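coords-v3.cif (mmCIF, C-alpha atoms) appears below.
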```
data_run
loop_
_atom_site.label_atom_id
_atom_site.label_comp_id
_atom_site.auth_asym_id
_atom_site.auth_seq_id
_atom_site.Cartn_x
_atom_site.Cartn_y
_atom_site.Cartn_z
CA MET A 1 -60.41 21.09 -26.74
CA THR A 2 -60.75 17.64 -25.20
CA LYS A 3 -59.46 17.33 -21.74
CA LYS A 4 -57.05 14.48 -21.11
CA GLU A 5 -58.36 12.12 -18.52
CA LEU A 6 -56.13 11.85 -15.50
CA SER A 7 -55.55 8.49 -13.86
CA VAL A 8 -54.78 10.23 -10.62
CA ARG A 9 -56.71 13.33 -9.63
CA ALA A 10 -54.96 16.69 -9.90
CA ILE A 11 -53.84 18.54 -6.79
CA LYS A 12 -54.06 22.25 -6.11
CA ASN A 13 -50.72 22.70 -4.39
CA GLY A 14 -47.92 20.28 -3.74
CA THR A 15 -45.61 17.89 -5.55
CA VAL A 16 -46.24 15.31 -8.21
CA ILE A 17 -43.63 12.58 -8.43
CA ASP A 18 -43.91 10.90 -11.79
CA HIS A 19 -42.08 8.08 -13.55
CA ILE A 20 -41.46 5.98 -10.48
CA PRO A 21 -40.86 2.34 -11.46
CA ALA A 22 -44.09 0.57 -10.47
CA THR A 23 -42.12 -2.00 -8.52
CA HIS A 24 -40.61 0.71 -6.35
CA LEU A 25 -43.71 2.74 -5.49
CA PHE A 26 -43.94 1.56 -1.92
CA LYS A 27 -40.22 1.96 -1.41
CA VAL A 28 -40.49 5.60 -2.49
CA ILE A 29 -43.42 6.10 -0.12
CA SER A 30 -41.43 4.67 2.75
CA ILE A 31 -38.21 6.54 1.91
CA LEU A 32 -40.05 9.85 1.86
CA GLY A 33 -41.99 8.99 4.99
CA LEU A 34 -45.27 9.54 3.14
CA ASP A 35 -46.82 6.80 5.23
CA LYS A 36 -46.45 9.07 8.24
CA ILE A 37 -47.80 12.41 7.01
CA THR A 38 -51.32 13.71 7.42
CA ASP A 39 -51.78 15.65 4.18
CA GLN A 40 -53.66 14.23 1.26
CA ILE A 41 -51.73 11.76 -0.88
CA THR A 42 -53.03 10.09 -4.00
CA PHE A 43 -51.14 7.58 -6.02
CA GLY A 44 -51.53 5.31 -8.95
CA THR A 45 -49.47 2.38 -9.97
CA ASN A 46 -49.08 -0.01 -12.88
CA LEU A 47 -49.92 2.87 -15.19
CA LYS A 48 -48.77 2.57 -18.76
CA SER A 49 -45.65 4.52 -19.53
CA LYS A 50 -44.05 5.05 -22.89
CA GLN A 51 -40.65 5.19 -21.26
CA GLN A 52 -40.61 2.39 -18.77
CA GLY A 53 -43.48 -0.07 -19.21
CA HIS A 54 -45.27 0.32 -15.93
CA LYS A 55 -44.87 3.37 -13.81
CA ALA A 56 -46.27 4.78 -10.64
CA ILE A 57 -47.18 8.33 -9.76
CA ILE A 58 -47.62 10.01 -6.41
CA LYS A 59 -49.32 13.33 -5.77
CA VAL A 60 -48.67 14.85 -2.39
CA ALA A 61 -50.73 17.89 -1.46
CA LYS A 62 -49.11 20.86 0.26
CA LYS A 63 -45.69 19.29 0.35
CA TYR A 64 -42.45 20.39 -1.26
CA PHE A 65 -39.34 18.30 -0.95
CA ALA A 66 -35.84 19.32 -0.02
CA ASP A 67 -33.04 18.33 -2.39
CA GLU A 68 -31.76 15.88 0.18
CA ASP A 69 -35.05 13.96 -0.02
CA ILE A 70 -34.97 14.04 -3.78
CA ASN A 71 -31.58 12.35 -3.75
CA LYS A 72 -33.02 9.58 -1.65
CA ILE A 73 -35.71 8.94 -4.26
CA ALA A 74 -33.13 8.89 -7.01
CA LEU A 75 -31.60 5.73 -5.61
CA VAL A 76 -34.76 3.66 -6.22
CA ALA A 77 -36.40 5.80 -8.90
CA PRO A 78 -33.53 7.16 -10.96
CA PHE A 79 -35.80 8.50 -13.71
CA ALA A 80 -38.41 10.09 -11.46
CA LYS A 81 -39.58 13.57 -12.35
CA LEU A 82 -40.99 16.05 -9.90
CA ASN A 83 -43.61 18.63 -10.83
CA ILE A 84 -44.08 21.41 -8.34
CA ILE A 85 -47.73 22.47 -8.42
CA GLU A 86 -49.16 25.79 -7.37
CA ASP A 87 -52.84 26.53 -7.99
CA TYR A 88 -53.13 23.53 -10.34
CA GLN A 89 -50.28 24.81 -12.49
CA VAL A 90 -46.85 23.25 -12.87
CA VAL A 91 -44.52 26.01 -11.71
CA GLU A 92 -41.32 24.00 -11.67
CA LYS A 93 -40.06 20.67 -12.96
CA LYS A 94 -37.24 18.83 -11.32
CA VAL A 95 -35.36 15.81 -12.51
CA VAL A 96 -33.94 13.62 -9.82
CA GLU A 97 -30.33 12.78 -10.21
CA ILE A 98 -28.23 10.30 -8.31
CA PRO A 99 -25.33 12.32 -7.01
CA GLU A 100 -21.74 11.16 -7.62
CA GLN A 101 -21.28 11.05 -3.85
CA ILE A 102 -24.06 9.53 -1.78
CA VAL A 103 -23.69 10.62 1.80
CA GLY A 104 -25.77 9.31 4.68
CA ILE A 105 -28.54 7.82 2.52
CA ALA A 106 -27.72 4.23 1.69
CA LYS A 107 -26.63 1.38 3.93
CA CYS A 108 -23.60 -0.72 3.03
CA PHE A 109 -24.63 -4.33 2.43
CA ASN A 110 -21.42 -5.67 3.99
CA PRO A 111 -22.08 -6.64 7.62
CA LYS A 112 -18.35 -6.48 8.33
CA CYS A 113 -18.11 -2.88 7.12
CA ILE A 114 -17.15 -0.33 9.76
CA THR A 115 -20.20 1.76 8.79
CA ASN A 116 -22.48 -0.99 10.11
CA ASN A 117 -20.60 -1.21 13.39
CA GLU A 118 -19.80 2.37 14.32
CA ASN A 119 -22.08 5.36 14.73
CA MET A 120 -21.01 7.19 11.58
CA THR A 121 -22.20 8.53 8.24
CA THR A 122 -22.11 6.21 5.23
CA ARG A 123 -20.42 7.42 2.05
CA PHE A 124 -20.61 5.89 -1.40
CA SER A 125 -19.43 6.84 -4.82
CA LEU A 126 -21.66 6.13 -7.78
CA VAL A 127 -20.20 3.39 -9.99
CA GLU A 128 -23.17 2.67 -12.24
CA LYS A 129 -26.59 4.30 -12.51
CA SER A 130 -28.46 1.45 -14.13
CA PRO A 131 -28.30 -1.18 -12.77
CA LEU A 132 -27.41 0.76 -9.69
CA ALA A 133 -24.00 0.09 -8.15
CA LEU A 134 -22.54 2.05 -5.26
CA LYS A 135 -19.02 1.67 -3.94
CA CYS A 136 -18.58 2.08 -0.21
CA GLN A 137 -15.85 4.61 0.53
CA TYR A 138 -14.84 2.57 3.57
CA CYS A 139 -14.92 -1.18 2.90
CA GLU A 140 -14.67 -0.62 -0.91
CA LYS A 141 -17.39 -3.22 -1.55
CA ILE A 142 -20.09 -2.67 -4.15
CA THR A 143 -23.68 -2.44 -2.96
CA ASN A 144 -26.03 -3.11 -5.88
CA GLU A 145 -29.71 -2.55 -6.42
CA ALA A 146 -30.75 -5.95 -5.07
CA HIS A 147 -28.98 -5.29 -1.76
CA LEU A 148 -29.78 -1.62 -1.46
CA GLU A 149 -31.26 -0.44 1.80
CA VAL A 150 -32.00 3.22 2.24
CA LEU A 151 -31.40 4.58 5.72
CA MET B 1 4.03 11.49 0.71
CA LYS B 2 4.58 13.35 3.97
CA ASN B 3 1.60 13.13 6.35
CA LYS B 4 -0.28 10.97 3.89
CA SER B 5 -2.13 7.97 5.29
CA LEU B 6 -1.65 4.59 3.63
CA VAL B 7 -5.02 2.85 3.70
CA SER B 8 -5.30 1.20 0.31
CA ILE B 9 -2.58 0.35 -2.21
CA THR B 10 -4.35 2.62 -4.71
CA ASP B 11 -3.55 5.58 -2.42
CA PHE B 12 0.03 5.44 -3.70
CA SER B 13 0.93 6.41 -7.27
CA LYS B 14 3.38 4.48 -9.42
CA GLU B 15 6.09 7.02 -8.54
CA GLU B 16 5.34 6.66 -4.83
CA ILE B 17 5.52 2.87 -5.07
CA LEU B 18 8.88 3.12 -6.82
CA ARG B 19 10.10 5.57 -4.21
CA ILE B 20 9.18 3.12 -1.40
CA VAL B 21 10.92 0.26 -3.22
CA GLU B 22 14.11 2.31 -3.65
CA LEU B 23 14.02 3.51 -0.05
CA ALA B 24 13.53 -0.06 1.17
CA ALA B 25 16.74 -1.04 -0.65
CA GLU B 26 18.49 1.86 1.04
CA PHE B 27 17.33 0.71 4.48
CA GLU B 28 18.32 -2.85 3.76
CA ALA B 29 21.86 -1.68 2.99
CA ASN B 30 21.91 0.40 6.16
CA PRO B 31 19.21 -0.83 8.54
CA ASN B 32 20.05 1.01 11.73
CA GLN B 33 19.27 4.66 11.20
CA LYS B 34 17.93 6.54 14.19
CA LEU B 35 15.63 8.73 12.14
CA MET B 36 12.64 8.24 14.44
CA ASP B 37 14.28 8.83 17.80
CA ASP B 38 11.89 11.65 18.63
CA LYS B 39 8.83 9.83 17.32
CA VAL B 40 6.15 7.85 19.11
CA VAL B 41 4.19 5.34 17.05
CA SER B 42 0.86 3.90 18.16
CA SER B 43 0.61 0.25 17.28
CA LEU B 44 -3.09 -0.59 17.57
CA PHE B 45 -3.83 -4.25 16.96
CA PHE B 46 -7.55 -4.74 17.47
CA GLU B 47 -7.01 -8.34 16.42
CA PRO B 48 -3.82 -10.33 16.87
CA SER B 49 -1.38 -10.61 13.98
CA THR B 50 1.99 -11.65 15.24
CA ARG B 51 3.83 -11.55 11.93
CA THR B 52 2.69 -8.08 10.85
CA ARG B 53 3.02 -6.60 14.32
CA LEU B 54 6.56 -7.88 14.89
CA SER B 55 7.59 -6.70 11.45
CA PHE B 56 6.31 -3.19 12.17
CA GLU B 57 7.79 -3.14 15.66
CA THR B 58 11.17 -4.26 14.34
CA ALA B 59 11.04 -1.52 11.71
CA ILE B 60 10.19 1.09 14.36
CA GLN B 61 12.94 -0.14 16.70
CA ARG B 62 15.55 -0.10 13.94
CA LEU B 63 14.62 3.50 13.20
CA GLY B 64 14.93 4.38 16.90
CA GLY B 65 11.24 5.16 17.41
CA ARG B 66 9.15 4.30 20.44
CA ILE B 67 5.95 2.29 20.48
CA ILE B 68 2.73 2.57 22.47
CA GLY B 69 -0.34 0.44 21.91
CA PHE B 70 -1.92 -2.93 22.39
CA THR B 71 -1.70 -6.34 20.76
CA ASP B 72 -5.36 -7.35 20.83
CA SER B 73 -8.61 -5.58 21.59
CA SER B 74 -9.16 -7.37 24.92
CA SER B 75 -6.41 -5.19 26.37
CA SER B 76 -7.82 -1.98 24.87
CA SER B 77 -10.79 0.15 25.86
CA THR B 78 -12.73 -1.36 22.93
CA SER B 79 -13.56 -4.14 25.38
CA LYS B 80 -15.31 -1.48 27.47
CA GLY B 81 -17.37 -0.49 24.46
CA GLU B 82 -15.37 2.54 23.31
CA SER B 83 -16.00 3.54 19.70
CA LEU B 84 -13.19 3.45 17.15
CA ASN B 85 -13.68 7.19 16.71
CA ASP B 86 -12.89 7.86 20.38
CA THR B 87 -9.92 5.48 20.54
CA ILE B 88 -8.34 7.05 17.44
CA LYS B 89 -9.02 10.64 18.60
CA MET B 90 -7.31 9.93 21.90
CA VAL B 91 -4.37 8.03 20.45
CA SER B 92 -3.72 10.61 17.73
CA ASN B 93 -3.10 13.13 20.51
CA TYR B 94 -0.36 10.93 21.93
CA SER B 95 1.60 9.86 18.90
CA ASP B 96 3.09 10.91 15.56
CA LEU B 97 1.84 7.96 13.54
CA ILE B 98 -0.78 5.23 13.93
CA VAL B 99 -0.30 1.67 12.71
CA MET B 100 -3.63 -0.13 12.89
CA ARG B 101 -4.91 -3.66 12.40
CA HIS B 102 -8.67 -4.07 12.74
CA PRO B 103 -11.12 -6.88 11.91
CA LEU B 104 -13.73 -4.57 10.35
CA GLU B 105 -13.46 -3.58 6.70
CA GLY B 106 -13.12 0.15 6.09
CA SER B 107 -11.96 0.80 9.66
CA ALA B 108 -8.60 2.13 8.47
CA ARG B 109 -10.17 4.65 6.07
CA TYR B 110 -12.43 5.84 8.85
CA ALA B 111 -9.49 6.09 11.29
CA SER B 112 -7.54 8.16 8.75
CA GLU B 113 -10.46 10.59 8.54
CA VAL B 114 -10.77 10.91 12.31
CA SER B 115 -7.06 11.04 13.13
CA ASP B 116 -4.87 14.14 13.19
CA VAL B 117 -1.80 12.05 12.42
CA PRO B 118 -1.23 9.69 9.46
CA VAL B 119 -2.62 6.16 9.67
CA ILE B 120 -0.97 3.09 8.17
CA ASN B 121 -3.40 0.25 7.52
CA ALA B 122 -1.89 -3.00 8.76
CA GLY B 123 -4.95 -4.93 7.55
CA ASP B 124 -8.67 -4.10 7.79
CA GLY B 125 -10.56 -7.40 7.69
CA ALA B 126 -10.69 -8.89 4.22
CA ASN B 127 -10.28 -5.47 2.62
CA GLN B 128 -6.76 -4.06 2.31
CA HIS B 129 -3.25 -4.78 3.55
CA PRO B 130 -1.12 -2.32 1.57
CA THR B 131 2.16 -2.81 3.43
CA GLN B 132 2.06 -6.50 2.44
CA THR B 133 1.70 -5.40 -1.18
CA LEU B 134 4.62 -3.00 -0.91
CA LEU B 135 6.85 -5.66 0.61
CA ASP B 136 5.79 -8.01 -2.20
CA MET B 137 6.68 -5.30 -4.71
CA TYR B 138 10.04 -4.80 -3.04
CA SER B 139 10.68 -8.56 -3.12
CA ILE B 140 9.85 -8.67 -6.83
CA TYR B 141 12.02 -5.64 -7.57
CA LYS B 142 14.92 -7.01 -5.55
CA THR B 143 14.87 -10.45 -7.16
CA GLN B 144 14.11 -9.41 -10.74
CA GLY B 145 15.95 -6.08 -10.82
CA THR B 146 12.82 -4.45 -12.23
CA LEU B 147 9.06 -4.28 -11.82
CA ASP B 148 8.41 -3.92 -15.54
CA ASN B 149 7.17 -6.52 -18.05
CA LEU B 150 7.19 -9.54 -15.72
CA ASN B 151 5.24 -12.76 -16.06
CA ILE B 152 3.48 -13.24 -12.76
CA PHE B 153 1.70 -16.44 -11.77
CA LEU B 154 -0.84 -16.25 -8.96
CA VAL B 155 -1.81 -19.64 -7.51
CA GLY B 156 -4.42 -20.88 -5.05
CA ASP B 157 -7.25 -18.85 -3.58
CA LEU B 158 -7.64 -16.02 -6.06
CA LYS B 159 -11.23 -15.28 -5.06
CA TYR B 160 -10.89 -14.26 -1.44
CA GLY B 161 -7.14 -13.63 -1.17
CA ARG B 162 -6.78 -9.91 -0.60
CA THR B 163 -3.00 -10.07 -1.06
CA VAL B 164 -3.33 -11.25 -4.66
CA HIS B 165 -5.96 -8.60 -5.43
CA SER B 166 -3.82 -5.75 -4.10
CA LEU B 167 -0.72 -7.11 -5.82
CA LEU B 168 -2.62 -7.33 -9.10
CA MET B 169 -3.78 -3.71 -8.80
CA ALA B 170 -0.31 -2.42 -7.94
CA MET B 171 1.63 -4.51 -10.48
CA SER B 172 -0.79 -3.47 -13.23
CA GLN B 173 1.08 -0.19 -13.42
CA PHE B 174 4.17 -2.03 -14.67
CA ASN B 175 2.88 -3.86 -17.76
CA PRO B 176 2.88 -7.43 -16.44
CA THR B 177 1.42 -10.62 -17.89
CA PHE B 178 -0.68 -12.51 -15.37
CA ASN B 179 -1.41 -16.21 -15.16
CA PHE B 180 -4.08 -17.29 -12.71
CA ILE B 181 -4.10 -20.88 -11.43
CA SER B 182 -6.99 -21.79 -9.16
CA PRO B 183 -9.91 -24.19 -8.72
CA ASP B 184 -13.05 -23.05 -10.48
CA SER B 185 -14.66 -22.15 -7.16
CA LEU B 186 -11.79 -19.80 -6.23
CA LYS B 187 -11.23 -18.03 -9.55
CA MET B 188 -10.12 -14.42 -9.85
CA PRO B 189 -13.29 -12.28 -9.51
CA ASP B 190 -14.66 -10.60 -12.66
CA GLU B 191 -14.11 -7.10 -11.31
CA TYR B 192 -10.34 -7.63 -11.40
CA LYS B 193 -10.43 -9.20 -14.85
CA LEU B 194 -12.47 -6.24 -16.11
CA PHE B 195 -9.90 -3.93 -14.56
CA LEU B 196 -7.13 -5.74 -16.49
CA ASP B 197 -9.19 -5.69 -19.71
CA LYS B 198 -9.60 -1.94 -19.39
CA LYS B 199 -5.87 -1.48 -18.88
CA GLY B 200 -5.08 -3.81 -21.79
CA ILE B 201 -3.10 -6.20 -19.60
CA LYS B 202 -2.83 -9.82 -20.72
CA TYR B 203 -3.97 -12.60 -18.39
CA TYR B 204 -4.58 -16.32 -18.71
CA GLU B 205 -6.62 -18.58 -16.48
CA HIS B 206 -5.72 -22.19 -15.74
CA LEU B 207 -7.33 -24.93 -13.69
CA GLU B 208 -4.29 -27.20 -13.79
CA PHE B 209 -1.06 -26.52 -11.91
CA THR B 210 1.32 -27.88 -14.55
CA ASP B 211 4.53 -27.15 -16.45
CA ILE B 212 2.94 -23.89 -17.57
CA ILE B 213 4.91 -22.38 -14.66
CA GLU B 214 8.07 -22.74 -16.77
CA GLU B 215 7.25 -19.30 -18.20
CA ALA B 216 7.03 -17.64 -14.81
CA ASP B 217 9.25 -14.91 -13.39
CA ILE B 218 7.28 -14.81 -10.15
CA LEU B 219 5.22 -17.65 -8.70
CA TYR B 220 3.01 -16.21 -5.99
CA MET B 221 1.49 -19.01 -3.92
CA THR B 222 -1.46 -18.57 -1.55
CA ARG B 223 -3.16 -20.78 0.96
CA VAL B 224 -6.47 -22.43 0.07
CA GLN B 225 -8.33 -21.86 3.31
CA ARG B 226 -10.72 -24.47 4.64
CA GLU B 227 -13.06 -21.83 6.08
CA ARG B 228 -13.73 -20.45 2.57
CA PHE B 229 -15.62 -23.58 1.56
CA SER B 230 -19.24 -24.15 2.46
CA ASP B 231 -18.90 -27.71 1.20
CA PRO B 232 -16.13 -29.69 2.98
CA ILE B 233 -16.04 -32.24 0.13
CA GLU B 234 -15.16 -29.43 -2.27
CA TYR B 235 -12.29 -28.40 0.01
CA GLU B 236 -10.98 -31.95 0.23
CA LYS B 237 -11.04 -32.13 -3.58
CA VAL B 238 -8.92 -29.04 -4.14
CA LYS B 239 -6.71 -28.78 -1.06
CA ASN B 240 -3.96 -30.99 -2.44
CA VAL B 241 -4.24 -30.00 -6.10
CA TYR B 242 -2.28 -26.79 -5.84
CA VAL B 243 0.77 -28.00 -4.01
CA LEU B 244 4.17 -26.91 -5.24
CA ARG B 245 6.87 -29.59 -5.10
CA ASN B 246 10.55 -29.23 -5.80
CA SER B 247 10.36 -31.61 -8.79
CA MET B 248 8.04 -29.15 -10.56
CA LEU B 249 10.77 -26.49 -10.58
CA ASP B 250 13.31 -28.42 -12.72
CA ASN B 251 12.65 -26.63 -15.98
CA THR B 252 11.63 -23.25 -14.60
CA LYS B 253 13.51 -20.06 -15.40
CA ASP B 254 16.67 -19.25 -13.45
CA ASN B 255 15.28 -15.92 -12.33
CA LEU B 256 12.05 -17.50 -11.04
CA ARG B 257 11.32 -16.72 -7.40
CA ILE B 258 8.55 -18.25 -5.31
CA LEU B 259 6.68 -15.89 -3.05
CA HIS B 260 4.07 -16.61 -0.38
CA PRO B 261 2.55 -14.17 2.13
CA LEU B 262 2.82 -16.85 4.86
CA PRO B 263 1.71 -18.65 6.93
CA ARG B 264 1.99 -21.65 4.66
CA VAL B 265 0.18 -24.88 5.40
CA ASN B 266 0.85 -27.54 2.77
CA GLU B 267 0.68 -25.61 -0.52
CA ILE B 268 4.46 -25.44 -0.73
CA HIS B 269 6.07 -28.76 0.09
CA THR B 270 8.99 -28.40 2.51
CA ASP B 271 11.29 -29.95 -0.12
CA VAL B 272 11.06 -26.61 -1.96
CA ASP B 273 12.56 -24.69 0.97
CA ALA B 274 16.14 -25.61 0.09
CA ASN B 275 15.73 -24.61 -3.57
CA PRO B 276 17.40 -21.24 -4.28
CA LYS B 277 14.21 -20.21 -6.05
CA ALA B 278 12.29 -20.34 -2.76
CA TYR B 279 12.06 -16.79 -1.52
CA TYR B 280 9.23 -16.65 1.03
CA PHE B 281 11.33 -16.34 4.15
CA GLU B 282 13.47 -13.56 2.65
CA GLN B 283 10.21 -11.99 1.53
CA ALA B 284 9.08 -11.78 5.16
CA GLU B 285 12.39 -10.14 6.08
CA ASN B 286 11.91 -7.62 3.28
CA GLY B 287 8.76 -6.56 5.12
CA VAL B 288 10.84 -4.86 7.76
CA TYR B 289 12.73 -2.73 5.18
CA ALA B 290 9.56 -1.94 3.25
CA ARG B 291 7.85 -0.79 6.45
CA MET B 292 10.88 1.30 7.43
CA ALA B 293 10.63 2.96 4.03
CA ILE B 294 6.88 3.54 4.36
CA MET B 295 7.12 5.06 7.84
CA ALA B 296 10.15 7.20 7.05
CA SER B 297 8.51 8.68 3.98
CA ILE B 298 5.14 9.28 5.65
CA LEU B 299 6.88 11.01 8.55
CA GLY B 300 8.88 13.10 6.07
CA LEU B 301 12.20 11.77 7.32
CA LYS B 302 13.41 10.55 3.92
#
```

Now, as a test, write the supplied structure out as structure tokens.
Amino acid sequence: MTKKELSVRAIKNGTVIDHIPATHLFKVISILGLDKITDQITFGTNLKSKQQGHKAIIKVAKKYFADEDINKIALVAPFAKLNIIEDYQVVEKKVVEIPEQIVGIAKCFNPKCITNNENMTTRFSLVEKSPLALKCQYCEKITNEAHLEVL
Amino acid sequence: MKNKSLVSITDFSKEEILRIVELAAEFEANPNQKLMDDKVVSSLFFEPSTRTRLSFETAIQRLGGRIIGFTDSSSSSTSKGESLNDTIKMVSNYSDLIVMRHPLEGSARYASEVSDVPVINAGDGANQHPTQTLLDMYSIYKTQGTLDNLNIFLVGDLKYGRTVHSLLMAMSQFNPTFNFISPDSLKMPDEYKLFLDKKGIKYYEHLEFTDIIEEADILYMTRVQRERFSDPIEYEKVKNVYVLRNSMLDNTKDNLRILHPLPRVNEIHTDVDANPKAYYFEQAENGVYARMAIMASILGLK
């Protein structure tokens, strides 16, 4: 049996986040706060992907993500897949899914929206997954991918 | 409808809109009914709006209710830095109903979530102004005898004008035909045209304000606002193009009525005012009856 060569080294325990759009790798890193943790992180980007041209992959040792964090990734990497690794084995696969209601994650692009002027939680409903379009529950304006800021 | 806030025109169903229109007619026939004599209404105007505020206050007075509140935010605790959350929480303890005008978009939705009593949105920035829409609907119903199958012309600033957007959404439940007349830079946004496409409602776009209006049942004029233009030359080019003059009404239908949310600047020449088809001042009066109907039904009094 020939062993498939891995572009990014395997981890013993932790989470592999695969199928991140290459252009959004650093956004995912910042959303998940991976730039602030001390455990080992390896990543690769501009890897060839059958599904999406160029993808990125992140392997985070010893870390497992809460669903809330996964939702945050879904906004910039809607097709990301998570592999939960224990002792080099994939024990669980998770698909990220943008929820119909996005609460407290995204920022409304409208500077005149109440959510940008009052200490409160933002709420959006999902209008379109790709290209991403979120409708603010308050000002009713659409925030699209180009204007998306994750809180 | 009892205890239901009115934030956006889409909060009310077709049946609820019709109910408001019928109730407004009832109040117009009999305007002094002391249904609210044990009610206190908070009138919170975080930005001044004389027309809307006086219309609401007249409606409250005619129903025998009492009013607390302020007419601009400099006389409220907002000027001390109080959050909207805190102002609404406090005020909802004092009153049975909140009428709110606020410069920030989405403020009314937020207030309705925070408040223990119903909130009526009297305008939240450029977002929604549903009581204007309901008074427009009442004016159309009153002058045409129906809301169904009408040919409605919207003229002027169709891009930024929130009144035309809300009216379009609400009227779409009554199988209208729309005609949009505007400069290219102020055309009806695609999202509304897509909405009409999905509902299978016919609409036509025109750049020229011509005898096409002879087909109209309702001619809804709006102001082309100077502040909407980044290029002053562009404003100068279009500001006098969409002006309605009395001579243009010669061959229009007998049932045609001209509406305008007011204030008008020069888009309706004063020579139109004496024409029986001019309806904008009556329209403003209808606002009082429409708001009486809205408040009475939200408070469960009718």

- Message: Which residues would end up in the selection if the PyMOL selection byres ((chain A) within 7 of (chain B)) were applied here, given that I need the answer as a list in words?
- Response: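 Output from the PyMOL selection byres ((chain A) within 7 of (chain B)), applied to this file: Lys112, Cys113, Ile114, Glu118, Tyr138 and Cys139 of chain A.
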
- Query: Please, which residues are within 6 Å of (-39.9, 4.6, -16.5) by the file's coordinates, counting all atoms listed in the file, and could they come as a list in words?
  - Reply: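 Residues with an atom at most 6 Å from (-39.9, 4.6, -16.5): His19, Pro21, Gln51, Gln52 and Lys55 of chain A.
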
- Task: For the structure shown, which residues end up in the PyMOL selection byres ((chain A and resi 16) around 12)? Put them as a PyMOL selection string, please?
- Result: chain A and resi 8-15+17-20+41-44+56-65+80-86+88-95

Selection result for the PyMOL selection byres ((chain B and resi 271) around 12) on this file, as a tab-separated table (two decimals) with C-alpha atoms, in the coordinates of the input:
```tsv
chain	number	residue	atom	x	y	z
B	243	VAL	CA	0.77	-28.00	-4.01
B	244	LEU	CA	4.17	-26.91	-5.24
B	245	ARG	CA	6.87	-29.59	-5.10
B	246	ASN	CA	10.55	-29.23	-5.80
B	247	SER	CA	10.36	-31.61	-8.79
B	248	MET	CA	8.04	-29.15	-10.56
B	249	LEU	CA	10.77	-26.49	-10.58
B	266	ASN	CA	0.85	-27.54	2.77
B	267	GLU	CA	0.68	-25.61	-0.52
B	268	ILE	CA	4.46	-25.44	-0.73
B	269	HIS	CA	6.07	-28.76	0.09
B	270	THR	CA	8.99	-28.40	2.51
B	272	VAL	CA	11.06	-26.61	-1.96
B	273	ASP	CA	12.56	-24.69	0.97
B	274	ALA	CA	16.14	-25.61	0.09
B	275	ASN	CA	15.73	-24.61	-3.57
B	276	PRO	CA	17.40	-21.24	-4.28
B	277	LYS	CA	14.21	-20.21	-6.05
B	278	ALA	CA	12.29	-20.34	-2.76
```

- Message: So the first atom is atom CA of His260 of chain B and the second is atom CA of Leu63 of chain B; what is the distance between them in Å, to one decimal place?
- Response: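 Between atom CA of His260 of chain B and atom CA of Leu63 of chain B the gap is 26.5 Å.
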
- Give me, please, the distance in Å between atom CA of Pro48 of chain B and atom CA of Ala122 of chain B, quoted to one decimal. 11.1 Å

- Message: Would you pick out the contacts of Asn32 of chain B at 7 Å or less, using all atoms listed in the file, so that residues sharing its chain but fewer than 2 positions from it are not included, and give the list as a list in words?
- Response: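 Using all atoms listed in the file, the neighbours found are Asn30, Lys34, Arg62 and Leu63 of chain B.
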
- Between A:Thr122, A:Asn71, A:Gly33, A:Val96, which has the minimum distance to Cys136 of chain A (counting only C-alpha atoms)?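 That would be A:Thr122, the residue with the smallest distance to Cys136 of chain A.
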
- Message: So that I can check the surroundings of Lys4 of chain B, please list as a VMD selection string every protein, DNA and RNA residue that reaches within 10 Å of it, counting all atoms listed in the file and ignoring chain neighbours fewer than 2 positions away.
- Response: chain B and resid 1 to 2 6 to 7 11 to 12 112 117 to 120 297 to 300

Neighbours of segment 164-179 of chain B within 8 Å (all atoms listed in the file; same-chain residues fewer than 6 positions away dropped), as an mmCIF file with C-alpha atoms, keeping the file's coordinate frame?
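Output (result.cif):
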```cif
data_model
loop_
_atom_site.group_PDB
_atom_site.id
_atom_site.type_symbol
_atom_site.label_atom_id
_atom_site.label_comp_id
_atom_site.auth_asym_id
_atom_site.auth_seq_id
_atom_site.Cartn_x
_atom_site.Cartn_y
_atom_site.Cartn_z
ATOM 1 C CA ILE B 9 -2.580 0.350 -2.210
ATOM 2 C CA THR B 10 -4.350 2.620 -4.710
ATOM 3 C CA LYS B 14 3.380 4.480 -9.420
ATOM 4 C CA GLN B 128 -6.760 -4.060 2.310
ATOM 5 C CA HIS B 129 -3.250 -4.780 3.550
ATOM 6 C CA PRO B 130 -1.120 -2.320 1.570
ATOM 7 C CA THR B 133 1.700 -5.400 -1.180
ATOM 8 C CA ASP B 136 5.790 -8.010 -2.200
ATOM 9 C CA MET B 137 6.680 -5.300 -4.710
ATOM 10 C CA LEU B 147 9.060 -4.280 -11.820
ATOM 11 C CA ASP B 148 8.410 -3.920 -15.540
ATOM 12 C CA ASN B 149 7.170 -6.520 -18.050
ATOM 13 C CA LEU B 150 7.190 -9.540 -15.720
ATOM 14 C CA ASN B 151 5.240 -12.760 -16.060
ATOM 15 C CA ILE B 152 3.480 -13.240 -12.760
ATOM 16 C CA PHE B 153 1.700 -16.440 -11.770
ATOM 17 C CA LEU B 154 -0.840 -16.250 -8.960
ATOM 18 C CA LEU B 158 -7.640 -16.020 -6.060
ATOM 19 C CA TYR B 192 -10.340 -7.630 -11.400
ATOM 20 C CA LEU B 196 -7.130 -5.740 -16.490
ATOM 21 C CA LYS B 199 -5.870 -1.480 -18.880
ATOM 22 C CA ILE B 201 -3.100 -6.200 -19.600
ATOM 23 C CA LYS B 202 -2.830 -9.820 -20.720
ATOM 24 C CA TYR B 203 -3.970 -12.600 -18.390
ATOM 25 C CA TYR B 204 -4.580 -16.320 -18.710
ATOM 26 C CA GLU B 205 -6.620 -18.580 -16.480
ATOM 27 C CA HIS B 206 -5.720 -22.190 -15.740
#
```
